[in-house]
$ cat query.tsv   # TSV, N, CA and C atoms
chain	number	residue	atom	x	y	z
A	17	MET	N	-16.97	29.49	2.20
A	17	MET	CA	-16.10	28.69	1.37
A	17	MET	C	-15.04	27.96	2.20
A	18	GLY	N	-15.10	28.08	3.50
A	18	GLY	CA	-14.14	27.38	4.33
A	18	GLY	C	-12.75	27.99	4.35
A	19	LEU	N	-12.63	29.27	4.04
A	19	LEU	CA	-11.32	29.92	3.98
A	19	LEU	C	-11.03	30.83	5.16
A	20	ALA	N	-11.98	30.98	6.06
A	20	ALA	CA	-11.83	31.95	7.14
A	20	ALA	C	-10.56	31.75	7.94
A	21	ASP	N	-10.17	30.51	8.16
A	21	ASP	CA	-8.96	30.26	8.95
A	21	ASP	C	-7.68	30.54	8.16
A	22	ARG	N	-7.82	30.84	6.87
A	22	ARG	CA	-6.64	31.11	6.04
A	22	ARG	C	-6.48	32.60	5.73
A	23	LEU	N	-7.40	33.44	6.23
A	23	LEU	CA	-7.38	34.86	5.94
A	23	LEU	C	-6.97	35.66	7.16
A	24	THR	N	-6.23	36.71	6.89
A	24	THR	CA	-5.87	37.66	7.94
A	24	THR	C	-6.20	39.05	7.43
A	25	THR	N	-6.95	39.79	8.20
A	25	THR	CA	-7.25	41.17	7.83
A	25	THR	C	-6.61	42.08	8.89
A	26	MET	N	-6.16	43.23	8.44
A	26	MET	CA	-5.51	44.17	9.33
A	26	MET	C	-5.95	45.58	8.98
A	27	CYS	N	-6.01	46.43	9.98
A	27	CYS	CA	-6.27	47.85	9.76
A	27	CYS	C	-5.07	48.60	10.35
A	28	LEU	N	-4.29	49.21	9.47
A	28	LEU	CA	-3.04	49.86	9.90
A	28	LEU	C	-2.90	51.23	9.27
A	29	ASP	N	-2.14	52.07	9.91
A	29	ASP	CA	-1.70	53.32	9.30
A	29	ASP	C	-0.38	52.99	8.61
A	30	LEU	N	-0.44	52.78	7.31
A	30	LEU	CA	0.74	52.32	6.57
A	30	LEU	C	1.85	53.37	6.49
A	31	THR	N	1.53	54.61	6.82
A	31	THR	CA	2.59	55.62	6.86
A	31	THR	C	3.45	55.45	8.11
A	32	ARG	N	2.95	54.66	9.08
A	32	ARG	CA	3.68	54.44	10.32
A	32	ARG	C	4.31	53.05	10.40
A	33	ASN	N	3.59	52.04	9.88
A	33	ASN	CA	4.14	50.69	9.93
A	33	ASN	C	3.53	49.84	8.82
A	34	PHE	N	4.26	48.82	8.45
A	34	PHE	CA	3.81	47.89	7.42
A	34	PHE	C	3.81	46.51	8.06
A	35	PRO	N	2.81	45.70	7.79
A	35	PRO	CA	2.77	44.38	8.44
A	35	PRO	C	3.98	43.54	8.08
A	36	SER	N	4.47	42.82	9.07
A	36	SER	CA	5.59	41.92	8.80
A	36	SER	C	5.05	40.62	8.25
A	37	GLY	N	5.90	39.88	7.60
A	37	GLY	CA	5.51	38.58	7.07
A	37	GLY	C	5.44	38.59	5.56
A	38	SER	N	5.10	37.42	5.03
A	38	SER	CA	4.96	37.24	3.58
A	38	SER	C	3.58	36.67	3.31
A	39	PHE	N	3.03	37.03	2.15
A	39	PHE	CA	1.63	36.73	1.87
A	39	PHE	C	1.46	36.24	0.44
A	40	ASP	N	0.45	35.41	0.22
A	40	ASP	CA	0.11	34.94	-1.12
A	40	ASP	C	-0.52	36.05	-1.95
A	41	LEU	N	-1.26	36.93	-1.29
A	41	LEU	CA	-1.95	38.02	-1.98
A	41	LEU	C	-1.85	39.27	-1.14
A	42	VAL	N	-1.38	40.35	-1.76
A	42	VAL	CA	-1.36	41.66	-1.12
A	42	VAL	C	-2.17	42.59	-2.02
A	43	CYS	N	-3.17	43.24	-1.42
A	43	CYS	CA	-4.04	44.14	-2.18
A	43	CYS	C	-3.85	45.57	-1.71
A	44	ALA	N	-3.74	46.47	-2.66
A	44	ALA	CA	-3.74	47.91	-2.39
A	44	ALA	C	-4.92	48.46	-3.19
A	45	VAL	N	-5.99	48.76	-2.51
A	45	VAL	CA	-7.23	49.15	-3.18
A	45	VAL	C	-7.54	50.61	-2.86
A	46	TYR	N	-7.55	51.44	-3.90
A	46	TYR	CA	-7.82	52.87	-3.79
A	46	TYR	C	-6.90	53.52	-2.75
A	47	LEU	N	-5.63	53.28	-2.90
A	47	LEU	CA	-4.62	53.82	-1.99
A	47	LEU	C	-4.28	55.25	-2.44
A	48	HIS	N	-5.26	56.11	-2.31
A	48	HIS	CA	-5.11	57.52	-2.67
A	48	HIS	C	-5.24	58.35	-1.40
A	49	SER	N	-4.57	59.48	-1.37
A	49	SER	CA	-4.64	60.35	-0.21
A	49	SER	C	-4.57	61.80	-0.67
A	50	PRO	N	-5.42	62.66	-0.09
A	50	PRO	CA	-5.33	64.07	-0.45
A	50	PRO	C	-4.09	64.73	0.14
A	51	GLY	N	-3.50	64.12	1.15
A	51	GLY	CA	-2.29	64.66	1.76
A	51	GLY	C	-1.05	63.96	1.25
A	52	ALA	N	0.05	64.32	1.82
A	52	ALA	CA	1.31	63.68	1.45
A	52	ALA	C	1.25	62.20	1.84
A	53	SER	N	1.65	61.37	0.91
A	53	SER	CA	1.62	59.93	1.16
A	53	SER	C	2.80	59.29	0.46
A	54	PRO	N	3.48	58.38	1.13
A	54	PRO	CA	4.61	57.69	0.50
A	54	PRO	C	4.12	56.51	-0.34
A	55	ARG	N	3.22	56.76	-1.27
A	55	ARG	CA	2.55	55.72	-2.04
A	55	ARG	C	3.54	54.76	-2.72
A	56	GLN	N	4.52	55.29	-3.42
A	56	GLN	CA	5.46	54.42	-4.13
A	56	GLN	C	6.22	53.53	-3.14
A	57	ARG	N	6.64	54.09	-2.02
A	57	ARG	CA	7.33	53.30	-1.00
A	57	ARG	C	6.41	52.21	-0.45
A	58	LEU	N	5.14	52.55	-0.22
A	58	LEU	CA	4.19	51.57	0.30
A	58	LEU	C	3.95	50.44	-0.70
A	59	LEU	N	3.81	50.78	-1.98
A	59	LEU	CA	3.58	49.74	-2.98
A	59	LEU	C	4.81	48.86	-3.16
A	60	ARG	N	5.99	49.43	-3.04
A	60	ARG	CA	7.21	48.60	-3.12
A	60	ARG	C	7.30	47.66	-1.90
A	61	ALA	N	6.93	48.16	-0.73
A	61	ALA	CA	6.91	47.31	0.46
A	61	ALA	C	5.87	46.21	0.29
A	62	ALA	N	4.74	46.53	-0.30
A	62	ALA	CA	3.71	45.53	-0.55
A	62	ALA	C	4.24	44.45	-1.48
A	63	ALA	N	4.95	44.84	-2.52
A	63	ALA	CA	5.51	43.87	-3.46
A	63	ALA	C	6.52	42.96	-2.76
A	64	GLN	N	7.33	43.53	-1.90
A	64	GLN	CA	8.33	42.73	-1.19
A	64	GLN	C	7.69	41.72	-0.23
A	65	ALA	N	6.45	41.98	0.17
A	65	ALA	CA	5.75	41.08	1.10
A	65	ALA	C	5.06	39.92	0.38
A	66	VAL	N	5.11	39.90	-0.95
A	66	VAL	CA	4.45	38.84	-1.72
A	66	VAL	C	5.36	37.62	-1.79
A	67	LEU	N	4.80	36.47	-1.44
A	67	LEU	CA	5.53	35.20	-1.52
A	67	LEU	C	5.78	34.81	-2.98
A	68	PRO	N	6.80	34.02	-3.25
A	68	PRO	CA	6.97	33.50	-4.62
A	68	PRO	C	5.69	32.76	-5.05
A	69	GLY	N	5.26	33.06	-6.26
A	69	GLY	CA	4.02	32.49	-6.79
A	69	GLY	C	2.79	33.29	-6.41
A	70	GLY	N	2.96	34.29	-5.54
A	70	GLY	CA	1.84	35.11	-5.08
A	70	GLY	C	1.60	36.32	-5.98
A	71	ARG	N	0.61	37.11	-5.59
A	71	ARG	CA	0.20	38.24	-6.42
A	71	ARG	C	0.10	39.54	-5.63
A	72	LEU	N	0.37	40.62	-6.34
A	72	LEU	CA	0.13	41.97	-5.86
A	72	LEU	C	-0.98	42.54	-6.72
A	73	LEU	N	-2.07	42.97	-6.08
A	73	LEU	CA	-3.21	43.57	-6.79
A	73	LEU	C	-3.30	45.03	-6.39
A	74	VAL	N	-3.27	45.91	-7.39
A	74	VAL	CA	-3.41	47.34	-7.15
A	74	VAL	C	-4.63	47.82	-7.94
A	75	VAL	N	-5.62	48.33	-7.23
A	75	VAL	CA	-6.82	48.89	-7.87
A	75	VAL	C	-6.87	50.37	-7.50
A	76	ASP	N	-6.93	51.22	-8.51
A	76	ASP	CA	-6.92	52.67	-8.31
A	76	ASP	C	-8.09	53.31	-9.02
A	77	HIS	N	-8.38	54.54	-8.62
A	77	HIS	CA	-9.33	55.35	-9.37
A	77	HIS	C	-8.68	55.73	-10.70
A	78	GLY	N	-9.48	55.76	-11.75
A	78	GLY	CA	-9.00	56.21	-13.05
A	78	GLY	C	-9.74	57.45	-13.51
A	79	SER	N	-10.73	57.87	-12.73
A	79	SER	CA	-11.51	59.06	-13.05
A	79	SER	C	-12.10	59.61	-11.76
A	80	VAL	N	-12.62	60.81	-11.85
A	80	VAL	CA	-13.27	61.45	-10.70
A	80	VAL	C	-14.77	61.27	-10.85
A	81	ALA	N	-15.41	60.73	-9.84
A	81	ALA	CA	-16.86	60.59	-9.85
A	81	ALA	C	-17.50	61.96	-9.69
A	82	PRO	N	-18.65	62.19	-10.30
A	82	PRO	CA	-19.29	63.51	-10.21
A	82	PRO	C	-19.59	63.96	-8.78
A	83	TRP	N	-19.73	63.03	-7.86
A	83	TRP	CA	-20.05	63.38	-6.48
A	83	TRP	C	-18.81	63.49	-5.59
A	84	SER	N	-17.64	63.33	-6.17
A	84	SER	CA	-16.40	63.40	-5.38
A	84	SER	C	-16.23	64.79	-4.78
A	85	TRP	N	-15.67	64.83	-3.58
A	85	TRP	CA	-15.39	66.10	-2.92
A	85	TRP	C	-14.30	66.88	-3.66
A	86	ASP	N	-13.48	66.19	-4.41
A	86	ASP	CA	-12.35	66.83	-5.10
A	86	ASP	C	-12.60	66.78	-6.61
A	87	GLN	N	-13.06	67.87	-7.15
A	87	GLN	CA	-13.36	67.95	-8.59
A	87	GLN	C	-12.24	68.65	-9.36
A	88	ASN	N	-11.03	68.43	-8.95
A	88	ASN	CA	-9.87	69.05	-9.57
A	88	ASN	C	-9.76	68.57	-11.02
A	89	PRO	N	-9.95	69.45	-12.00
A	89	PRO	CA	-9.85	69.03	-13.40
A	89	PRO	C	-8.43	68.64	-13.81
A	90	ALA	N	-7.46	69.01	-13.02
A	90	ALA	CA	-6.07	68.66	-13.33
A	90	ALA	C	-5.64	67.36	-12.64
A	91	ALA	N	-6.59	66.71	-11.98
A	91	ALA	CA	-6.23	65.46	-11.28
A	91	ALA	C	-5.65	64.46	-12.27
A	92	SER	N	-4.61	63.80	-11.82
A	92	SER	CA	-3.92	62.83	-12.67
A	92	SER	C	-3.99	61.47	-12.00
A	93	PHE	N	-4.37	60.47	-12.76
A	93	PHE	CA	-4.45	59.11	-12.26
A	93	PHE	C	-3.50	58.25	-13.07
A	94	PRO	N	-2.39	57.81	-12.45
A	94	PRO	CA	-1.44	57.01	-13.22
A	94	PRO	C	-2.08	55.72	-13.73
A	95	LYS	N	-1.81	55.41	-14.97
A	95	LYS	CA	-2.34	54.19	-15.57
A	95	LYS	C	-1.61	52.98	-14.98
A	96	PRO	N	-2.23	51.80	-15.05
A	96	PRO	CA	-1.61	50.61	-14.46
A	96	PRO	C	-0.18	50.36	-14.94
A	97	GLN	N	0.08	50.59	-16.22
A	97	GLN	CA	1.42	50.38	-16.75
A	97	GLN	C	2.42	51.35	-16.11
A	98	GLU	N	1.96	52.57	-15.83
A	98	GLU	CA	2.83	53.55	-15.18
A	98	GLU	C	3.12	53.15	-13.73
A	99	VAL	N	2.10	52.63	-13.04
A	99	VAL	CA	2.31	52.16	-11.67
A	99	VAL	C	3.32	51.02	-11.66
A	100	ALA	N	3.17	50.09	-12.60
A	100	ALA	CA	4.10	48.96	-12.69
A	100	ALA	C	5.52	49.47	-12.96
A	101	ALA	N	5.66	50.42	-13.86
A	101	ALA	CA	6.99	50.96	-14.18
A	101	ALA	C	7.59	51.67	-12.97
A	102	ASP	N	6.77	52.41	-12.21
A	102	ASP	CA	7.26	53.12	-11.03
A	102	ASP	C	7.74	52.17	-9.95
A	103	LEU	N	7.14	50.97	-9.89
A	103	LEU	CA	7.58	49.99	-8.90
A	103	LEU	C	8.98	49.47	-9.20
A	104	ASP	N	9.36	49.52	-10.48
A	104	ASP	CA	10.71	49.12	-10.90
A	104	ASP	C	11.06	47.71	-10.42
A	105	LEU	N	10.11	46.79	-10.62
A	105	LEU	CA	10.31	45.39	-10.24
A	105	LEU	C	11.00	44.65	-11.38
A	106	HIS	N	11.87	43.74	-11.04
A	106	HIS	CA	12.66	43.04	-12.06
A	106	HIS	C	11.75	42.16	-12.91
A	107	PRO	N	11.80	42.30	-14.25
A	107	PRO	CA	10.90	41.55	-15.12
A	107	PRO	C	11.10	40.04	-15.10
A	108	SER	N	12.26	39.57	-14.63
A	108	SER	CA	12.46	38.13	-14.54
A	108	SER	C	11.79	37.56	-13.28
A	109	THR	N	11.43	38.44	-12.37
A	109	THR	CA	10.80	38.03	-11.12
A	109	THR	C	9.31	38.32	-11.10
A	110	TRP	N	8.88	39.34	-11.83
A	110	TRP	CA	7.49	39.79	-11.79
A	110	TRP	C	6.86	39.75	-13.18
A	111	ILE	N	5.67	39.20	-13.26
A	111	ILE	CA	4.91	39.11	-14.51
A	111	ILE	C	3.64	39.93	-14.38
A	112	VAL	N	3.41	40.82	-15.33
A	112	VAL	CA	2.15	41.57	-15.35
A	112	VAL	C	1.08	40.64	-15.90
A	113	GLU	N	0.11	40.32	-15.07
A	113	GLU	CA	-1.00	39.46	-15.50
A	113	GLU	C	-2.18	40.28	-16.00
A	114	ARG	N	-2.35	41.47	-15.43
A	114	ARG	CA	-3.45	42.33	-15.87
A	114	ARG	C	-3.04	43.77	-15.65
A	115	ALA	N	-3.28	44.59	-16.66
A	115	ALA	CA	-3.04	46.03	-16.57
A	115	ALA	C	-4.05	46.70	-17.50
A	116	ASP	N	-5.21	47.03	-16.93
A	116	ASP	CA	-6.23	47.63	-17.78
A	116	ASP	C	-7.07	48.65	-17.01
A	117	THR	N	-7.98	49.28	-17.75
A	117	THR	CA	-8.77	50.37	-17.20
A	117	THR	C	-10.26	50.11	-17.47
A	118	PRO	N	-10.87	49.20	-16.74
A	118	PRO	CA	-12.28	48.92	-16.96
A	118	PRO	C	-13.17	50.07	-16.49
A	119	THR	N	-14.32	50.19	-17.11
A	119	THR	CA	-15.33	51.14	-16.67
A	119	THR	C	-16.43	50.38	-15.96
A	120	ARG	N	-17.13	51.10	-15.08
A	120	ARG	CA	-18.26	50.50	-14.36
A	120	ARG	C	-19.26	51.58	-14.01
A	121	ARG	N	-20.48	51.15	-13.76
A	121	ARG	CA	-21.52	52.06	-13.28
A	121	ARG	C	-21.38	52.13	-11.77
A	122	ALA	N	-21.46	53.34	-11.23
A	122	ALA	CA	-21.35	53.54	-9.78
A	122	ALA	C	-22.50	54.43	-9.32
A	123	THR	N	-22.88	54.26	-8.08
A	123	THR	CA	-23.94	55.07	-7.49
A	123	THR	C	-23.36	55.88	-6.35
A	124	GLY	N	-23.58	57.18	-6.40
A	124	GLY	CA	-23.07	58.09	-5.38
A	124	GLY	C	-23.94	58.11	-4.15
A	125	PRO	N	-23.50	58.83	-3.12
A	125	PRO	CA	-24.22	58.85	-1.84
A	125	PRO	C	-25.62	59.44	-1.94
A	126	GLY	N	-25.87	60.26	-2.93
A	126	GLY	CA	-27.20	60.84	-3.12
A	126	GLY	C	-28.02	60.11	-4.17
A	127	GLY	N	-27.56	58.93	-4.58
A	127	GLY	CA	-28.27	58.15	-5.58
A	127	GLY	C	-27.87	58.48	-7.01
A	128	GLN	N	-26.88	59.36	-7.20
A	128	GLN	CA	-26.41	59.72	-8.53
A	128	GLN	C	-25.83	58.48	-9.21
A	129	ASP	N	-25.99	58.43	-10.52
A	129	ASP	CA	-25.48	57.31	-11.31
A	129	ASP	C	-24.47	57.85	-12.31
A	130	ALA	N	-23.32	57.19	-12.40
A	130	ALA	CA	-22.31	57.65	-13.35
A	130	ALA	C	-21.42	56.49	-13.75
A	131	GLU	N	-20.78	56.66	-14.90
A	131	GLU	CA	-19.77	55.70	-15.32
A	131	GLU	C	-18.43	56.20	-14.81
A	132	VAL	N	-17.68	55.32	-14.15
A	132	VAL	CA	-16.36	55.68	-13.63
A	132	VAL	C	-15.34	54.69	-14.18
A	133	ILE	N	-14.09	55.10	-14.12
A	133	ILE	CA	-12.99	54.27	-14.61
A	133	ILE	C	-12.16	53.81	-13.42
A	134	ASP	N	-11.79	52.56	-13.43
A	134	ASP	CA	-10.85	52.02	-12.45
A	134	ASP	C	-9.58	51.64	-13.18
A	135	HIS	N	-8.49	51.60	-12.45
A	135	HIS	CA	-7.23	51.09	-12.98
A	135	HIS	C	-6.89	49.83	-12.20
A	136	VAL	N	-6.66	48.74	-12.91
A	136	VAL	CA	-6.40	47.45	-12.28
A	136	VAL	C	-5.04	46.92	-12.75
A	137	LEU	N	-4.20	46.59	-11.77
A	137	LEU	CA	-2.89	46.03	-12.05
A	137	LEU	C	-2.73	44.77	-11.19
A	138	THR	N	-2.45	43.66	-11.84
A	138	THR	CA	-2.14	42.42	-11.12
A	138	THR	C	-0.76	41.95	-11.55
A	139	LEU	N	0.12	41.80	-10.58
A	139	LEU	CA	1.47	41.32	-10.83
A	139	LEU	C	1.65	39.99	-10.10
A	140	ARG	N	2.25	39.03	-10.74
A	140	ARG	CA	2.55	37.74	-10.11
A	140	ARG	C	4.05	37.60	-9.94
A	141	ARG	N	4.44	37.26	-8.74
A	141	ARG	CA	5.86	37.02	-8.45
A	141	ARG	C	6.20	35.60	-8.89
A	142	SER	N	7.26	35.45	-9.64
A	142	SER	CA	7.61	34.11	-10.11
A	142	SER	C	7.90	33.21	-8.92
A	143	SER	N	7.70	31.93	-9.12
A	143	SER	CA	7.85	30.99	-8.00
A	143	SER	C	9.29	30.51	-7.82
A	144	THR	N	10.23	31.08	-8.58
A	144	THR	CA	11.63	30.67	-8.41
A	144	THR	C	12.41	31.76	-7.72
$ encode --input "query.tsv" --output "structure tokens"
Amino acid sequence: MGLADRLTTMCLDLTRNFPSGSFDLVCAVYLHSPGASPRQRLLRAAAQAVLPGGRLLVVDHGSVAPWSWDQNPAASFPKPQEVAADLDLHPSTWIVERADTPTRRATGPGGQDAEVIDHVLTLRRSST
């Protein structure tokens, strides 16, 4: 599509450093960790890196797949609205464009088939 020169990809340990700069789109996709993780701090830093008019996309697990290594029945997956509230972003600056929990069919490593839930949150930073 002719966009390669406009994209930057990075592989970082976000618990140690966060990329400097401002971006049109910042994505946090399945930012889950079995260990201690400063998730809320990371998502707030991600929001601060979004340029005016840009977007923050957060995609999370909303359910445990049957083949997951962690079958904790008490696992809790915050809903998109809860993630947005935890970010505590000013409503005059940030607009929730999408906050929903779509389901999809997924295939596990052994060929298992299951319906899983994702949590999708898209926030747009106002351009003013």
$ atom_distance --input "query.tsv" --atom1 "atom C of A:Gly124" --atom2 "atom CA of A:Leu41"
29.9 Å
$ residues_around --input "query.tsv" --residues "A:Thr31" --least-positions-apart "2" --cutoff "8 Å" --atoms "only N, CA and C atoms" --output "PyMOL selection string"
chain A and resi 28-29+33-34+53-54+58
$ residues_around --input "query.tsv" --residues "A:Val66" --least-positions-apart "6" --cutoff "8 Å" --atoms "all atoms listed in the file" --output "ChimeraX atom specification"
/A:37-42,72,141
$ atom_distance --input "query.tsv" --atom1 "atom CA of A:Arg22" --atom2 "atom CA of A:Arg71"
15.9 Å
$ atom_distance --input "query.tsv" --atom1 "atom CA of A:Arg57" --atom2 "atom CA of A:Gly69"
21.9 Å
$ residues_around --input "query.tsv" --residues "A:Ala91" --least-positions-apart "5" --cutoff "9 Å" --atoms "only C-alpha atoms" --output "list in words"
Ser79, Val80 and Asp86 of chain A
$ closest_residue --input "query.tsv" --among "A:Pro96, A:Leu19, A:Val132, A:Gly127" --to "A:Val74" --atoms "only N, CA and C atoms"
A:Pro96
$ residues_around --input "query.tsv" --residues "A:Ala100" --least-positions-apart "2" --cutoff "10 Å" --atoms "only C-alpha atoms" --output "PDB file with N, CA and C atoms, keeping the file's coordinate frame"
ATOM      1  N   LEU A  59       3.810  50.780  -1.980  1.00  0.00           N
ATOM      2  CA  LEU A  59       3.580  49.740  -2.980  1.00  0.00           C
ATOM      3  C   LEU A  59       4.810  48.860  -3.160  1.00  0.00           C
ATOM      4  N   VAL A  74      -3.270  45.910  -7.390  1.00  0.00           N
ATOM      5  CA  VAL A  74      -3.410  47.340  -7.150  1.00  0.00           C
ATOM      6  C   VAL A  74      -4.630  47.820  -7.940  1.00  0.00           C
ATOM      7  N   PRO A  94      -2.390  57.810 -12.450  1.00  0.00           N
ATOM      8  CA  PRO A  94      -1.440  57.010 -13.220  1.00  0.00           C
ATOM      9  C   PRO A  94      -2.080  55.720 -13.730  1.00  0.00           C
ATOM     10  N   LYS A  95      -1.810  55.410 -14.970  1.00  0.00           N
ATOM     11  CA  LYS A  95      -2.340  54.190 -15.570  1.00  0.00           C
ATOM     12  C   LYS A  95      -1.610  52.980 -14.980  1.00  0.00           C
ATOM     13  N   PRO A  96      -2.230  51.800 -15.050  1.00  0.00           N
ATOM     14  CA  PRO A  96      -1.610  50.610 -14.460  1.00  0.00           C
ATOM     15  C   PRO A  96      -0.180  50.360 -14.940  1.00  0.00           C
ATOM     16  N   GLN A  97       0.080  50.590 -16.220  1.00  0.00           N
ATOM     17  CA  GLN A  97       1.420  50.380 -16.750  1.00  0.00           C
ATOM     18  C   GLN A  97       2.420  51.350 -16.110  1.00  0.00           C
ATOM     19  N   GLU A  98       1.960  52.570 -15.830  1.00  0.00           N
ATOM     20  CA  GLU A  98       2.830  53.550 -15.180  1.00  0.00           C
ATOM     21  C   GLU A  98       3.120  53.150 -13.730  1.00  0.00           C
ATOM     22  N   ASP A 102       6.770  52.410 -12.210  1.00  0.00           N
ATOM     23  CA  ASP A 102       7.260  53.120 -11.030  1.00  0.00           C
ATOM     24  C   ASP A 102       7.740  52.170  -9.950  1.00  0.00           C
ATOM     25  N   LEU A 103       7.140  50.970  -9.890  1.00  0.00           N
ATOM     26  CA  LEU A 103       7.580  49.990  -8.900  1.00  0.00           C
ATOM     27  C   LEU A 103       8.980  49.470  -9.200  1.00  0.00           C
ATOM     28  N   ASP A 104       9.360  49.520 -10.480  1.00  0.00           N
ATOM     29  CA  ASP A 104      10.710  49.120 -10.900  1.00  0.00           C
ATOM     30  C   ASP A 104      11.060  47.710 -10.420  1.00  0.00           C
ATOM     31  N   LEU A 105      10.110  46.790 -10.620  1.00  0.00           N
ATOM     32  CA  LEU A 105      10.310  45.390 -10.240  1.00  0.00           C
ATOM     33  C   LEU A 105      11.000  44.650 -11.380  1.00  0.00           C
ATOM     34  N   TRP A 110       8.880  39.340 -11.830  1.00  0.00           N
ATOM     35  CA  TRP A 110       7.490  39.790 -11.790  1.00  0.00           C
ATOM     36  C   TRP A 110       6.860  39.750 -13.180  1.00  0.00           C
ATOM     37  N   VAL A 112       3.410  40.820 -15.330  1.00  0.00           N
ATOM     38  CA  VAL A 112       2.150  41.570 -15.350  1.00  0.00           C
ATOM     39  C   VAL A 112       1.080  40.640 -15.900  1.00  0.00           C
ATOM     40  N   ALA A 115      -3.280  44.590 -16.660  1.00  0.00           N
ATOM     41  CA  ALA A 115      -3.040  46.030 -16.570  1.00  0.00           C
ATOM     42  C   ALA A 115      -4.050  46.700 -17.500  1.00  0.00           C
ATOM     43  N   LEU A 137      -4.200  46.590 -11.770  1.00  0.00           N
ATOM     44  CA  LEU A 137      -2.890  46.030 -12.050  1.00  0.00           C
ATOM     45  C   LEU A 137      -2.730  44.770 -11.190  1.00  0.00           C
ATOM     46  N   THR A 138      -2.450  43.660 -11.840  1.00  0.00           N
ATOM     47  CA  THR A 138      -2.140  42.420 -11.120  1.00  0.00           C
ATOM     48  C   THR A 138      -0.760  41.950 -11.550  1.00  0.00           C
ATOM     49  N   LEU A 139       0.120  41.800 -10.580  1.00  0.00           N
ATOM     50  CA  LEU A 139       1.470  41.320 -10.830  1.00  0.00           C
ATOM     51  C   LEU A 139       1.650  39.990 -10.100  1.00  0.00           C
TER      52      LEU A 139
END
$ closest_residue --input "query.tsv" --among "A:Ala101, A:Ala130, A:Ala63, A:Val136" --to "A:Val45" --atoms "only C-alpha atoms"
A:Val136
$ closest_residue --input "query.tsv" --among "A:Ser142, A:Thr24, A:Tyr46, A:Ala61" --to "A:Ile111" --atoms "only N, CA and C atoms"
A:Ser142
$ closest_residue --input "query.tsv" --among "A:Arg60, A:Met17, A:His77, A:Pro89" --to "A:Ile133" --atoms "only N, CA and C atoms"
A:His77
$ closest_residue --input "query.tsv" --among "A:Ala44, A:Val99, A:Leu23, A:Ala81" --to "A:Thr123" --atoms "only C-alpha atoms"
A:Ala81
$ closest_residue --input "query.tsv" --among "A:Pro118, A:Thr109, A:Pro125, A:Gly70" --to "A:Trp83" --atoms "all atoms listed in the file"
A:Pro125
$ select_by_dssp --input "query.tsv" --residues "stretch 76-135 of chain A" --states "alpha helix (DSSP H)" --output "PyMOL selection string"
chain A and resi 96-103
$ axis_aligned_box --input "query.tsv" --around "stretch 121-137 of chain A" --padding-each-side "6 Å" --output "AutoDock Vina command-line options"
--center_x -15.5 --center_y 52.8 --center_z -8.6 --size_x 37.5 --size_y 28.1 --size_z 25.5
$ select_by_dssp --input "query.tsv" --residues "chain A" --states "strand (DSSP E or B)" --output "ChimeraX atom specification"
/A:39-45,66-77,110-116,119-123,129-141
$ build_atoms --input "query.tsv" --residues "stretch 28-37 of chain A" --atoms "N, CA, C and O atoms" --output "tab-separated table (two decimals), in the frame of the given file"
chain	number	residue	atom	x	y	z
A	28	LEU	N	-4.29	49.21	9.47
A	28	LEU	CA	-3.04	49.86	9.90
A	28	LEU	C	-2.90	51.23	9.27
A	28	LEU	O	-3.45	51.49	8.20
A	29	ASP	N	-2.14	52.07	9.91
A	29	ASP	CA	-1.70	53.32	9.30
A	29	ASP	C	-0.38	52.99	8.61
A	29	ASP	O	0.67	52.91	9.26
A	30	LEU	N	-0.44	52.78	7.31
A	30	LEU	CA	0.74	52.32	6.57
A	30	LEU	C	1.85	53.37	6.49
A	30	LEU	O	2.97	53.05	6.15
A	31	THR	N	1.53	54.61	6.82
A	31	THR	CA	2.59	55.62	6.86
A	31	THR	C	3.45	55.45	8.11
A	31	THR	O	4.54	55.99	8.20
A	32	ARG	N	2.95	54.66	9.08
A	32	ARG	CA	3.68	54.44	10.32
A	32	ARG	C	4.31	53.05	10.40
A	32	ARG	O	5.37	52.88	10.96
A	33	ASN	N	3.59	52.04	9.88
A	33	ASN	CA	4.14	50.69	9.93
A	33	ASN	C	3.53	49.84	8.82
A	33	ASN	O	2.46	50.14	8.31
A	34	PHE	N	4.26	48.82	8.45
A	34	PHE	CA	3.81	47.89	7.42
A	34	PHE	C	3.81	46.51	8.06
A	34	PHE	O	4.73	46.20	8.82
A	35	PRO	N	2.81	45.70	7.79
A	35	PRO	CA	2.77	44.38	8.44
A	35	PRO	C	3.98	43.54	8.08
A	35	PRO	O	4.46	43.56	6.96
A	36	SER	N	4.47	42.82	9.07
A	36	SER	CA	5.59	41.92	8.80
A	36	SER	C	5.05	40.62	8.25
A	36	SER	O	3.88	40.30	8.40
A	37	GLY	N	5.90	39.88	7.60
A	37	GLY	CA	5.51	38.58	7.07
A	37	GLY	C	5.44	38.59	5.56
A	37	GLY	O	5.68	39.60	4.90
